[in-house]
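The file coords.csv comes next; it holds CSV, C-alpha atoms.
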chain,number,residue,atom,x,y,z
T,1,MET,CA,-31.4,15.4,-21.6
T,2,SER,CA,-34.1,17.7,-20.2
T,3,THR,CA,-33.9,21.5,-20.5
T,4,THR,CA,-33.4,21.7,-16.7
T,5,GLN,CA,-30.4,19.4,-16.9
T,6,ARG,CA,-29.0,21.4,-19.7
T,7,ARG,CA,-29.4,24.6,-17.7
T,8,ILE,CA,-27.7,23.0,-14.6
T,9,GLU,CA,-24.8,21.9,-16.7
T,10,ALA,CA,-24.5,25.3,-18.4
T,11,VAL,CA,-24.1,26.8,-14.9
T,12,LEU,CA,-21.7,24.1,-13.8
T,13,GLY,CA,-19.8,24.6,-17.0
T,14,GLU,CA,-19.8,20.9,-17.9
T,15,THR,CA,-20.3,20.1,-21.5
T,16,ASP,CA,-21.4,16.8,-23.1
T,17,ALA,CA,-17.7,16.2,-23.9
T,18,ASP,CA,-16.7,16.8,-20.3
T,19,ARG,CA,-19.3,14.3,-19.1
T,20,ARG,CA,-18.2,11.7,-21.6
T,21,ARG,CA,-14.6,12.2,-20.6
T,22,ARG,CA,-15.5,11.7,-16.9
T,23,GLN,CA,-17.4,8.6,-17.8
T,24,VAL,CA,-14.4,7.2,-19.7
T,25,ILE,CA,-12.1,7.9,-16.7
T,26,ARG,CA,-14.5,6.2,-14.3
T,27,LYS,CA,-14.9,3.1,-16.4
T,28,ALA,CA,-11.2,2.8,-17.1
T,29,ALA,CA,-10.4,3.1,-13.4
T,30,ALA,CA,-12.8,0.2,-12.7
T,31,LEU,CA,-11.3,-1.9,-15.5
T,32,PHE,CA,-7.7,-1.2,-14.3
T,33,ASP,CA,-8.8,-2.1,-10.8
T,34,LYS,CA,-10.4,-5.4,-11.9
T,35,ASN,CA,-8.1,-6.6,-14.6
T,36,GLY,CA,-4.9,-4.6,-14.1
T,37,TYR,CA,-3.6,-1.6,-16.1
T,38,HIS,CA,-1.5,-3.8,-18.4
T,39,ASN,CA,-4.2,-6.2,-19.2
T,40,THR,CA,-6.7,-3.5,-20.2
T,41,SER,CA,-6.6,-2.2,-23.8
T,42,MET,CA,-8.1,0.9,-25.4
T,43,ASP,CA,-10.5,-1.6,-27.1
T,44,ASP,CA,-11.7,-2.8,-23.7
T,45,ILE,CA,-12.3,0.8,-22.5
T,46,ALA,CA,-14.1,1.7,-25.7
T,47,ALA,CA,-16.4,-1.3,-25.3
T,48,ALA,CA,-17.1,-0.6,-21.7
T,49,VAL,CA,-18.3,3.0,-22.4
T,50,GLY,CA,-20.1,2.0,-25.6
T,51,LEU,CA,-17.8,4.1,-27.9
T,52,ARG,CA,-16.1,3.0,-31.1
T,53,LYS,CA,-12.3,3.2,-30.8
T,54,PRO,CA,-11.8,6.2,-33.0
T,55,SER,CA,-14.3,8.1,-30.9
T,56,LEU,CA,-12.4,7.2,-27.7
T,57,TYR,CA,-9.2,8.6,-29.3
T,58,HIS,CA,-11.2,11.8,-29.9
T,59,TYR,CA,-11.4,12.2,-26.1
T,60,PHE,CA,-8.0,10.8,-25.0
T,61,GLU,CA,-5.0,10.3,-27.2
T,62,SER,CA,-3.6,7.3,-25.3
T,63,LYS,CA,-4.2,4.9,-22.4
T,64,GLU,CA,-1.5,6.8,-20.5
T,65,GLU,CA,-3.5,10.0,-20.8
T,66,ILE,CA,-6.5,8.3,-19.2
T,67,LEU,CA,-4.2,7.0,-16.5
T,68,PHE,CA,-3.0,10.6,-15.9
T,69,TRP,CA,-6.6,11.8,-15.6
T,70,ILE,CA,-7.5,9.1,-13.1
T,71,HIS,CA,-4.6,10.4,-11.0
T,72,GLN,CA,-5.8,14.0,-11.5
T,73,GLU,CA,-9.4,13.3,-10.5
T,74,PHE,CA,-8.3,11.5,-7.4
T,75,ILE,CA,-5.8,14.0,-6.0
T,76,ASP,CA,-8.0,17.0,-7.0
T,77,LEU,CA,-10.9,15.5,-5.2
T,78,ILE,CA,-9.1,14.8,-1.9
T,79,ILE,CA,-7.4,18.3,-2.0
T,80,GLU,CA,-10.8,19.9,-2.6
T,81,ARG,CA,-12.3,18.2,0.4
T,82,GLN,CA,-9.4,19.3,2.5
T,83,VAL,CA,-9.6,22.9,1.3
T,84,GLN,CA,-13.4,22.9,2.1
T,85,ARG,CA,-12.6,22.1,5.7
T,86,ASP,CA,-9.9,24.7,5.9
T,87,GLY,CA,-10.7,28.0,7.6
T,88,LYS,CA,-13.6,26.6,9.5
T,89,GLY,CA,-11.7,27.0,12.7
T,90,LEU,CA,-11.4,23.3,13.4
T,91,GLU,CA,-8.9,21.9,15.9
T,92,PRO,CA,-6.0,19.8,14.7
T,93,SER,CA,-7.6,16.6,16.0
T,94,GLU,CA,-10.8,17.3,14.1
T,95,LEU,CA,-8.9,18.1,11.0
T,96,LEU,CA,-7.0,14.8,11.2
T,97,LEU,CA,-10.3,12.9,11.7
T,98,GLY,CA,-11.5,14.7,8.5
T,99,VAL,CA,-8.5,13.6,6.5
T,100,ILE,CA,-8.9,10.0,7.7
T,101,SER,CA,-12.6,10.0,6.9
T,102,ASP,CA,-12.0,11.4,3.4
T,103,ILE,CA,-9.5,8.7,2.5
T,104,LEU,CA,-11.7,5.9,3.8
T,105,ALA,CA,-14.7,7.3,2.1
T,106,LEU,CA,-12.9,7.1,-1.3
T,107,MET,CA,-12.6,3.3,-0.8
T,108,ASN,CA,-16.3,3.2,-1.4
T,109,THR,CA,-16.6,5.7,-4.2
T,110,HIS,CA,-13.3,5.6,-6.0
T,111,ARG,CA,-11.8,2.2,-5.5
T,112,GLY,CA,-10.3,2.0,-9.0
T,113,HIS,CA,-8.8,5.4,-8.7
T,114,VAL,CA,-7.2,4.5,-5.5
T,115,ARG,CA,-5.4,1.4,-6.7
T,116,VAL,CA,-4.3,3.2,-9.9
T,117,PHE,CA,-3.0,6.1,-7.8
T,118,PHE,CA,-0.9,3.9,-5.6
T,119,GLU,CA,0.2,1.2,-8.0
T,120,HIS,CA,0.6,2.9,-11.4
T,121,HIS,CA,2.2,6.3,-10.8
T,122,ARG,CA,5.4,4.9,-12.2
T,123,GLU,CA,3.7,4.2,-15.5
T,124,LEU,CA,3.1,8.0,-16.1
T,125,SER,CA,5.6,9.9,-18.2
T,126,SER,CA,7.9,12.1,-16.2
T,127,GLN,CA,6.0,15.3,-17.1
T,128,TYR,CA,2.7,13.8,-15.8
T,129,GLN,CA,4.5,12.4,-12.7
T,130,LYS,CA,5.8,15.9,-11.9
T,131,ILE,CA,2.3,17.4,-11.8
T,132,ILE,CA,0.8,14.6,-9.7
T,133,ARG,CA,3.8,14.6,-7.3
T,134,ALA,CA,3.5,18.3,-6.7
T,135,LYS,CA,-0.2,17.9,-5.7
T,136,ARG,CA,0.5,14.9,-3.6
T,137,ASP,CA,3.3,16.7,-1.8
T,138,PHE,CA,1.0,19.7,-1.2
T,139,TYR,CA,-1.6,17.4,0.4
T,140,GLN,CA,1.0,15.6,2.5
T,141,ASP,CA,2.4,19.0,3.7
T,142,GLN,CA,-1.1,20.0,4.8
T,143,VAL,CA,-1.4,16.9,6.9
T,144,GLU,CA,2.0,17.4,8.4
T,145,ALA,CA,1.1,21.0,9.2
T,146,MET,CA,-2.0,19.8,11.2
T,147,VAL,CA,0.2,17.5,13.3
T,148,ALA,CA,2.8,20.3,13.8
T,149,ALA,CA,0.0,22.7,14.8
T,150,GLY,CA,-1.3,20.2,17.4
T,151,VAL,CA,2.2,19.8,18.8
T,152,GLU,CA,2.6,23.6,18.9
T,153,ARG,CA,-0.7,24.0,20.8
T,154,GLY,CA,0.3,21.3,23.2
T,155,ASP,CA,-2.6,19.0,22.2
T,156,PHE,CA,-0.1,16.5,20.9
T,157,ARG,CA,3.1,15.3,22.4
T,158,GLN,CA,6.4,16.1,20.6
T,159,VAL,CA,6.0,13.7,17.7
T,160,ASP,CA,7.7,14.0,14.3
T,161,PRO,CA,5.0,15.5,12.0
T,162,ARG,CA,6.5,13.8,8.9
T,163,LEU,CA,6.5,10.2,10.4
T,164,THR,CA,3.1,10.8,12.0
T,165,GLY,CA,1.7,11.8,8.6
T,166,LEU,CA,3.2,8.7,7.0
T,167,ALA,CA,1.7,6.5,9.8
T,168,LEU,CA,-1.7,8.1,9.1
T,169,PHE,CA,-1.4,7.7,5.3
T,170,GLY,CA,-0.3,4.1,5.8
T,171,MET,CA,-3.2,3.1,8.0
T,172,CYS,CA,-5.7,4.7,5.8
T,173,ASN,CA,-4.3,4.2,2.3
T,174,TRP,CA,-3.7,0.5,3.0
T,175,ALA,CA,-7.4,-0.1,3.2
T,176,TYR,CA,-7.5,-0.4,-0.6
T,177,GLN,CA,-5.8,-3.7,0.0
T,178,TRP,CA,-8.5,-5.1,2.3
T,179,TYR,CA,-11.6,-2.9,2.5
T,180,ARG,CA,-14.7,-4.3,0.9
T,181,LYS,CA,-17.9,-2.3,0.6
T,182,GLY,CA,-20.7,-3.9,2.5
T,183,GLY,CA,-18.3,-5.5,5.0
T,184,PRO,CA,-19.0,-5.7,8.8
T,185,ARG,CA,-17.8,-2.1,9.4
T,186,SER,CA,-18.6,1.0,7.4
T,187,SER,CA,-15.8,3.2,6.1
T,188,GLN,CA,-16.8,5.9,8.6
T,189,GLU,CA,-16.6,3.4,11.5
T,190,ILE,CA,-13.2,2.4,10.4
T,191,ALA,CA,-12.1,6.0,10.0
T,192,GLU,CA,-13.3,6.8,13.6
T,193,PHE,CA,-11.4,3.7,14.9
T,194,PHE,CA,-8.2,4.7,13.1
T,195,ALA,CA,-8.5,8.4,14.3
T,196,ASP,CA,-9.1,7.2,17.8
T,197,LEU,CA,-6.0,5.0,17.6
T,198,LEU,CA,-3.8,7.6,16.1
T,199,LEU,CA,-4.9,10.5,18.2
T,200,GLY,CA,-4.7,8.3,21.3
T,201,GLY,CA,-1.1,7.6,20.3
T,202,ILE,CA,0.0,11.2,19.9
T,203,ARG,CA,-2.2,13.0,22.5
T,204,ALA,CA,-0.3,14.9,25.1
T,205,THR,CA,-0.7,13.5,28.6
T,206,GLU,CA,-0.4,15.9,31.5
A,207,MET,CA,34.0,-22.6,-4.4
A,208,SER,CA,36.3,-23.5,-1.5
A,209,THR,CA,36.1,-26.9,0.3
A,210,THR,CA,35.0,-25.1,3.5
A,211,GLN,CA,32.1,-23.4,1.6
A,212,ARG,CA,31.1,-26.8,0.1
A,213,ARG,CA,31.1,-28.3,3.6
A,214,ILE,CA,29.0,-25.5,5.0
A,215,GLU,CA,26.5,-25.9,2.2
A,216,ALA,CA,26.4,-29.6,2.6
A,217,VAL,CA,25.4,-29.0,6.2
A,218,LEU,CA,22.8,-26.3,5.3
A,219,GLY,CA,21.5,-28.7,2.6
A,220,GLU,CA,21.8,-26.0,-0.1
A,221,THR,CA,22.9,-27.3,-3.5
A,222,ASP,CA,24.3,-25.3,-6.4
A,223,ALA,CA,20.9,-25.5,-8.0
A,224,ASP,CA,19.2,-24.1,-4.9
A,225,ARG,CA,21.6,-21.3,-4.7
A,226,ARG,CA,21.1,-20.5,-8.4
A,227,ARG,CA,17.4,-20.5,-7.9
A,228,ARG,CA,17.6,-18.1,-5.0
A,229,GLN,CA,19.8,-15.8,-7.1
A,230,VAL,CA,17.3,-15.8,-9.9
A,231,ILE,CA,14.5,-15.0,-7.4
A,232,ARG,CA,16.4,-12.1,-5.9
A,233,LYS,CA,17.5,-10.6,-9.2
A,234,ALA,CA,13.9,-11.0,-10.6
A,235,ALA,CA,12.5,-9.3,-7.6
A,236,ALA,CA,14.8,-6.3,-8.1
A,237,LEU,CA,13.9,-6.1,-11.8
A,238,PHE,CA,10.2,-6.2,-11.1
A,239,ASP,CA,10.6,-3.5,-8.5
A,240,LYS,CA,12.6,-1.3,-10.8
A,241,ASN,CA,10.9,-1.8,-14.1
A,242,GLY,CA,7.6,-3.4,-13.3
A,243,TYR,CA,6.5,-7.1,-13.5
A,244,HIS,CA,4.9,-6.6,-17.0
A,245,ASN,CA,7.9,-4.8,-18.4
A,246,THR,CA,10.4,-7.5,-17.4
A,247,SER,CA,10.9,-10.5,-19.6
A,248,MET,CA,12.5,-13.9,-19.1
A,249,ASP,CA,15.3,-12.6,-21.4
A,250,ASP,CA,15.9,-9.7,-19.0
A,251,ILE,CA,16.0,-12.0,-16.0
A,252,ALA,CA,18.4,-14.4,-17.8
A,253,ALA,CA,20.7,-11.5,-18.7
A,254,ALA,CA,20.7,-10.2,-15.2
A,255,VAL,CA,21.8,-13.5,-13.7
A,256,GLY,CA,24.2,-14.3,-16.6
A,257,LEU,CA,22.3,-17.4,-17.8
A,258,ARG,CA,21.2,-18.3,-21.2
A,259,LYS,CA,17.4,-18.4,-21.5
A,260,PRO,CA,17.2,-22.3,-21.9
A,261,SER,CA,19.2,-22.6,-18.7
A,262,LEU,CA,16.8,-20.2,-16.9
A,263,TYR,CA,13.9,-22.4,-18.0
A,264,HIS,CA,15.7,-25.3,-16.4
A,265,TYR,CA,15.2,-23.6,-13.0
A,266,PHE,CA,11.8,-22.0,-13.5
A,267,GLU,CA,9.2,-23.0,-16.1
A,268,SER,CA,7.7,-19.5,-16.4
A,269,LYS,CA,7.9,-15.9,-15.2
A,270,GLU,CA,4.8,-16.6,-13.1
A,271,GLU,CA,6.6,-19.4,-11.3
A,272,ILE,CA,9.4,-16.9,-10.3
A,273,LEU,CA,6.7,-14.5,-9.2
A,274,PHE,CA,5.3,-17.3,-7.0
A,275,TRP,CA,8.7,-18.0,-5.4
A,276,ILE,CA,9.2,-14.3,-4.6
A,277,HIS,CA,5.9,-14.4,-2.7
A,278,GLN,CA,7.0,-17.6,-1.0
A,279,GLU,CA,10.4,-16.4,0.1
A,280,PHE,CA,8.9,-13.2,1.5
A,281,ILE,CA,6.0,-14.7,3.5
A,282,ASP,CA,8.2,-17.7,4.7
A,283,LEU,CA,10.8,-15.3,6.0
A,284,ILE,CA,8.5,-13.1,7.9
A,285,ILE,CA,6.7,-16.1,9.4
A,286,GLU,CA,10.0,-17.7,10.4
A,287,ARG,CA,11.1,-14.5,12.2
A,288,GLN,CA,7.7,-14.5,14.0
A,289,VAL,CA,8.0,-18.1,15.0
A,290,GLN,CA,11.6,-17.6,16.3
A,291,ARG,CA,10.2,-15.0,18.8
A,292,ASP,CA,7.4,-17.2,19.8
A,293,GLY,CA,7.7,-19.1,23.1
A,294,LYS,CA,10.3,-16.7,24.5
A,295,GLY,CA,7.7,-15.4,27.0
A,296,LEU,CA,7.6,-11.9,25.6
A,297,GLU,CA,4.7,-9.6,26.4
A,298,PRO,CA,2.2,-8.6,23.8
A,299,SER,CA,3.7,-5.1,23.4
A,300,GLU,CA,7.2,-6.6,22.9
A,301,LEU,CA,5.8,-9.0,20.3
A,302,LEU,CA,4.1,-6.2,18.4
A,303,LEU,CA,7.3,-4.2,18.4
A,304,GLY,CA,9.0,-7.3,17.0
A,305,VAL,CA,6.5,-7.6,14.2
A,306,ILE,CA,6.8,-3.9,13.3
A,307,SER,CA,10.6,-4.2,13.3
A,308,ASP,CA,10.5,-7.3,11.1
A,309,ILE,CA,8.4,-5.6,8.4
A,310,LEU,CA,10.4,-2.4,8.4
A,311,ALA,CA,13.7,-4.3,8.2
A,312,LEU,CA,12.5,-6.0,5.1
A,313,MET,CA,12.3,-2.6,3.4
A,314,ASN,CA,16.1,-2.6,3.5
A,315,THR,CA,16.8,-6.2,2.6
A,316,HIS,CA,13.8,-7.3,0.4
A,317,ARG,CA,12.4,-4.2,-1.3
A,318,GLY,CA,11.6,-5.9,-4.5
A,319,HIS,CA,9.9,-8.8,-2.7
A,320,VAL,CA,7.8,-6.4,-0.8
A,321,ARG,CA,6.5,-4.5,-3.9
A,322,VAL,CA,5.8,-7.8,-5.7
A,323,PHE,CA,4.0,-9.2,-2.7
A,324,PHE,CA,1.7,-6.2,-2.4
A,325,GLU,CA,1.1,-5.3,-6.0
A,326,HIS,CA,1.3,-8.6,-8.0
A,327,HIS,CA,-0.5,-11.3,-6.0
A,328,ARG,CA,-3.4,-11.0,-8.5
A,329,GLU,CA,-1.1,-12.1,-11.2
A,330,LEU,CA,-0.6,-15.5,-9.6
A,331,SER,CA,-2.7,-18.4,-10.7
A,332,SER,CA,-5.5,-19.3,-8.3
A,333,GLN,CA,-3.6,-22.4,-7.1
A,334,TYR,CA,-0.6,-20.3,-6.1
A,335,GLN,CA,-2.8,-17.5,-4.7
A,336,LYS,CA,-4.4,-20.1,-2.4
A,337,ILE,CA,-1.0,-21.1,-0.9
A,338,ILE,CA,0.1,-17.6,-0.4
A,339,ARG,CA,-3.2,-16.4,1.1
A,340,ALA,CA,-3.2,-19.3,3.6
A,341,LYS,CA,0.3,-18.2,4.9
A,342,ARG,CA,-0.6,-14.5,4.9
A,343,ASP,CA,-3.8,-15.3,6.9
A,344,PHE,CA,-1.8,-17.4,9.3
A,345,TYR,CA,0.6,-14.4,9.9
A,346,GLN,CA,-2.3,-12.0,10.2
A,347,ASP,CA,-4.0,-14.3,12.7
A,348,GLN,CA,-0.9,-14.4,14.8
A,349,VAL,CA,-0.7,-10.6,15.0
A,350,GLU,CA,-4.4,-10.3,15.9
A,351,ALA,CA,-3.9,-12.9,18.6
A,352,MET,CA,-1.1,-10.7,20.1
A,353,VAL,CA,-3.5,-7.8,20.3
A,354,ALA,CA,-6.3,-10.0,21.8
A,355,ALA,CA,-3.8,-11.3,24.4
A,356,GLY,CA,-2.9,-7.8,25.4
A,357,VAL,CA,-6.6,-6.9,25.7
A,358,GLU,CA,-7.2,-10.0,27.7
A,359,ARG,CA,-4.3,-9.2,30.1
A,360,GLY,CA,-5.6,-5.7,30.5
A,361,ASP,CA,-2.4,-4.2,29.0
A,362,PHE,CA,-4.5,-2.8,26.1
A,363,ARG,CA,-7.9,-1.2,26.1
A,364,GLN,CA,-10.9,-3.0,24.5
A,365,VAL,CA,-9.8,-2.5,20.9
A,366,ASP,CA,-10.9,-4.6,17.9
A,367,PRO,CA,-7.9,-7.0,17.3
A,368,ARG,CA,-8.7,-7.2,13.6
A,369,LEU,CA,-8.8,-3.5,12.9
A,370,THR,CA,-5.8,-2.9,15.1
A,371,GLY,CA,-3.9,-5.5,13.1
A,372,LEU,CA,-4.9,-3.8,9.9
A,373,ALA,CA,-3.8,-0.4,11.2
A,374,LEU,CA,-0.4,-2.0,12.2
A,375,PHE,CA,0.0,-3.6,8.8
A,376,GLY,CA,-1.1,-0.4,7.0
A,377,MET,CA,1.5,1.8,8.9
A,378,CYS,CA,4.3,-0.7,8.3
A,379,ASN,CA,3.6,-2.1,4.9
A,380,TRP,CA,3.0,1.3,3.4
A,381,ALA,CA,6.7,2.1,4.0
A,382,TYR,CA,7.5,0.4,0.7
A,383,GLN,CA,5.9,3.4,-1.0
A,384,TRP,CA,8.2,6.0,0.7
A,385,TYR,CA,11.0,4.4,2.6
A,386,ARG,CA,14.5,4.9,1.1
A,387,LYS,CA,17.6,3.2,2.5
A,388,GLY,CA,20.1,5.7,3.7
A,389,GLY,CA,17.3,8.3,4.5
A,390,PRO,CA,17.3,10.4,7.6
A,391,ARG,CA,15.9,7.7,9.9
A,392,SER,CA,16.9,4.0,10.0
A,393,SER,CA,14.2,1.4,9.5
A,394,GLN,CA,14.6,0.5,13.2
A,395,GLU,CA,14.1,4.1,14.4
A,396,ILE,CA,10.9,4.2,12.3
A,397,ALA,CA,9.8,0.9,13.7
A,398,GLU,CA,10.2,2.2,17.2
A,399,PHE,CA,8.3,5.4,16.4
A,400,PHE,CA,5.5,3.4,14.9
A,401,ALA,CA,5.3,1.0,17.8
A,402,ASP,CA,5.3,3.9,20.2
A,403,LEU,CA,2.4,5.5,18.3
A,404,LEU,CA,0.4,2.3,18.0
A,405,LEU,CA,1.0,1.1,21.6
A,406,GLY,CA,0.3,4.6,22.9
A,407,GLY,CA,-3.0,4.4,21.0
A,408,ILE,CA,-4.1,1.1,22.4
A,409,ARG,CA,-2.6,1.1,25.9
A,410,ALA,CA,-5.0,0.8,28.8
A,411,THR,CA,-5.2,3.9,31.0
A,412,GLU,CA,-6.2,3.4,34.6

Encoding of this model in structure tokens:
Amino acid sequence: MSTTQRRIEAVLGETDADRRRRQVIRKAAALFDKNGYHNTSMDDIAAAVGLRKPSLYHYFESKEEILFWIHQEFIDLIIERQVQRDGKGLEPSELLLGVISDILALMNTHRGHVRVFFEHHRELSSQYQKIIRAKRDFYQDQVEAMVAAGVERGDFRQVDPRLTGLALFGMCNWAYQWYRKGGPRSSQEIAEFFADLLLGGIRATE
Amino acid sequence: MSTTQRRIEAVLGETDADRRRRQVIRKAAALFDKNGYHNTSMDDIAAAVGLRKPSLYHYFESKEEILFWIHQEFIDLIIERQVQRDGKGLEPSELLLGVISDILALMNTHRGHVRVFFEHHRELSSQYQKIIRAKRDFYQDQVEAMVAAGVERGDFRQVDPRLTGLALFGMCNWAYQWYRKGGPRSSQEIAEFFADLLLGGIRATE
């Protein structure tokens, strides 16, 4: 590693161990996506990152702990993107387009994380589930609040914010089942189509 | 079993063995939903239907075969409902409401089947996957054709039938992640809200 790289990481606060942990999380997510969580062992993960098994256990004490950190990375990332958009004075419809674009973009960059998040939350211990559920609910509340704000302003008709949020999440999240990178439409084109459909469906007509 | 019941079943063509097989499929789907496919053994299934294990193997040669039949029942049922609506001269928007209602209704009656269908198709052998995929594609094609027909008639604006179909499936299928029987809204109320949202988003404006 170059001196410059070391300096950058010192500023970012990321240590070698942090970087290694993130690499394990990323590789494990890809293996879980490809072969399934239950069909992937700690041996497989160690081999994929080029670690011996005792070294892997130095970073994570169990496969479940890795599973938890995949969940964490995913939900933290999507909340972070949402928070960055916040306070920019965007209108509800622009905020909703932002949310839709974020989720679709993750299908390109975090496919494994996405499947794990949607299919394996029940495999987490209740303590871990509680943490993830709290963050997920926070994010869901933010989206519902955008819908409610649009209704309040008269941009949207009197739709139920909760069901509208669930429709949005359904449309977007479901893409993990069918979206393929390099397909005929980019994730951003799909996001814009979905936003157009949803906003068309809730827009107030005078 | 009463004589009347026997007569009814003779007419329906369902034998004791058929009924037993359907019972196994239903119980297995519920167990897979509750505890996960990988955490459910043939012993668990045998116990749940009150069979000894050798008798269970008389009906199904493996857990994977049961998994396949859960997929079959689910996709056959939804295709059957679609076919029954066909040829009734309904308009594209009415047909789409029908599809949305069918999917949401299954969240009440076939919860376990739904999760299995969406999360465990990769566990099927390639031969089985091929059969299920062909039926699923047939159904998806039907829904896209409804959208295309609506565009053709000028009821809908020039939307992409494929992406519109995927938006519809996303909204509806995703309900298996959050819908609870006995919640504040019935599956039919949710279906009507979703149909209203989607049709509002694609309806042609003059």

Output as a Markdown table one row per residue of chain T within 9 Å of chain A: the closest atom pair and its distance in Å to one decimal place, counting only C-alpha atoms, sorted by chain and residue number ascending.
| residue | atom | partner | partner_atom | distance |
| --- | --- | --- | --- | --- |
| T:Asn35 | CA | A:Arg328 | CA | 8.9 |
| T:Gly36 | CA | A:Arg328 | CA | 8.6 |
| T:His38 | CA | A:His244 | CA | 7.1 |
| T:Phe118 | CA | A:Gln383 | CA | 8.2 |
| T:Glu119 | CA | A:Glu325 | CA | 6.9 |
| T:Arg122 | CA | A:Gly242 | CA | 8.7 |
| T:Glu123 | CA | A:Gly242 | CA | 8.8 |
| T:Val159 | CA | A:Phe399 | CA | 8.7 |
| T:Asp160 | CA | A:Phe399 | CA | 8.9 |
| T:Leu163 | CA | A:Ile396 | CA | 7.7 |
| T:Thr164 | CA | A:Leu403 | CA | 8.3 |
| T:Leu166 | CA | A:Met377 | CA | 7.4 |
| T:Ala167 | CA | A:Met377 | CA | 4.8 |
| T:Leu168 | CA | A:Met377 | CA | 7.1 |
| T:Phe169 | CA | A:Met377 | CA | 7.5 |
| T:Gly170 | CA | A:Met377 | CA | 4.3 |
| T:Met171 | CA | A:Gly376 | CA | 4.2 |
| T:Cys172 | CA | A:Gly376 | CA | 7.0 |
| T:Asn173 | CA | A:Gly376 | CA | 7.3 |
| T:Trp174 | CA | A:Gly376 | CA | 4.9 |
| T:Ala175 | CA | A:Gly376 | CA | 7.4 |
| T:Gln177 | CA | A:Phe324 | CA | 8.3 |
| T:Trp178 | CA | A:Leu372 | CA | 8.5 |
| T:Ile190 | CA | A:Leu369 | CA | 7.8 |
| T:Phe193 | CA | A:Leu369 | CA | 7.9 |
| T:Phe194 | CA | A:Ala373 | CA | 7.0 |
| T:Asp196 | CA | A:Gly407 | CA | 7.4 |
| T:Leu197 | CA | A:Gly407 | CA | 4.6 |
| T:Leu198 | CA | A:Gly407 | CA | 5.9 |
| T:Leu199 | CA | A:Gly407 | CA | 7.0 |
| T:Gly200 | CA | A:Gly407 | CA | 4.3 |
| T:Gly201 | CA | A:Gly407 | CA | 3.8 |
| T:Ile202 | CA | A:Leu403 | CA | 6.4 |
| T:Arg203 | CA | A:Gly407 | CA | 8.8 |

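Here CA of Glu398 in chain A and CA of Ala311 in chain A stand 11.6 Å from one another.
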
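For the set A:Thr315, A:Pro298, A:Asp282, A:Phe362, the residue with the smallest atom-to-atom gap to Ala340 in chain A is A:Asp282, counting only C-alpha atoms.
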
Excluding Leu97 in chain T and its own-chain neighbours fewer than 2 positions away, which residues fall within 8 Å of it when counting only C-alpha atoms? Please give them as a ChimeraX atom specification. /T:93-95,99-101,191-192,195

Excluding range 261-272 of chain A and residues on its chain fewer than 5 positions from it, collect all residues at most 12 Å away from it, counting only C-alpha atoms, and give them as a PyMOL selection string. chain A and resi 222-235+237-238+243-256+277-279+319+322+326-335

Just the residues within 9 Å of Arg342 in chain A, please, counting all atoms listed in the file, with nothing from its chain fewer than 5 positions along; format it as a list in words. Ile281, Ile285, Ile337 and Asp347 of chain A

Using only C-alpha atoms, which of A:Glu286, A:Asp239, A:Glu220, A:Glu297 sits nearest Phe344 in chain A? A:Glu286

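For the atom pair formed by CA of Ser186 in chain T and CA of Phe117 in chain T, the distance is 22.4 Å, given to one decimal.
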
Some atoms are absent from range 139-148 of chain T, so rebuild N, CA and C atoms and return them as a PDB file, keeping the file's coordinate frame.
ATOM      1  N   TYR T 139      -0.647  18.032  -0.516  1.00  0.00           N
ATOM      2  CA  TYR T 139      -1.600  17.400   0.400  1.00  0.00           C
ATOM      3  C   TYR T 139      -0.882  16.869   1.641  1.00  0.00           C
ATOM      4  N   GLN T 140       0.224  16.200   1.393  1.00  0.00           N
ATOM      5  CA  GLN T 140       1.000  15.600   2.500  1.00  0.00           C
ATOM      6  C   GLN T 140       1.512  16.742   3.429  1.00  0.00           C
ATOM      7  N   ASP T 141       1.923  17.852   2.849  1.00  0.00           N
ATOM      8  CA  ASP T 141       2.400  19.000   3.700  1.00  0.00           C
ATOM      9  C   ASP T 141       1.269  19.517   4.548  1.00  0.00           C
ATOM     10  N   GLN T 142       0.055  19.549   4.009  1.00  0.00           N
ATOM     11  CA  GLN T 142      -1.100  20.000   4.800  1.00  0.00           C
ATOM     12  C   GLN T 142      -1.313  19.160   6.020  1.00  0.00           C
ATOM     13  N   VAL T 143      -1.217  17.856   5.812  1.00  0.00           N
ATOM     14  CA  VAL T 143      -1.400  16.900   6.900  1.00  0.00           C
ATOM     15  C   VAL T 143      -0.336  17.072   7.965  1.00  0.00           C
ATOM     16  N   GLU T 144       0.895  17.184   7.491  1.00  0.00           N
ATOM     17  CA  GLU T 144       2.000  17.400   8.400  1.00  0.00           C
ATOM     18  C   GLU T 144       1.834  18.688   9.217  1.00  0.00           C
ATOM     19  N   ALA T 145       1.321  19.716   8.539  1.00  0.00           N
ATOM     20  CA  ALA T 145       1.100  21.000   9.200  1.00  0.00           C
ATOM     21  C   ALA T 145       0.061  20.887  10.315  1.00  0.00           C
ATOM     22  N   MET T 146      -0.954  20.026  10.101  1.00  0.00           N
ATOM     23  CA  MET T 146      -2.000  19.800  11.200  1.00  0.00           C
ATOM     24  C   MET T 146      -1.330  19.184  12.377  1.00  0.00           C
ATOM     25  N   VAL T 147      -0.475  18.201  12.139  1.00  0.00           N
ATOM     26  CA  VAL T 147       0.200  17.500  13.300  1.00  0.00           C
ATOM     27  C   VAL T 147       1.086  18.557  13.978  1.00  0.00           C
ATOM     28  N   ALA T 148       1.849  19.322  13.195  1.00  0.00           N
ATOM     29  CA  ALA T 148       2.800  20.300  13.800  1.00  0.00           C
ATOM     30  C   ALA T 148       1.959  21.346  14.605  1.00  0.00           C
TER      31      ALA T 148
END
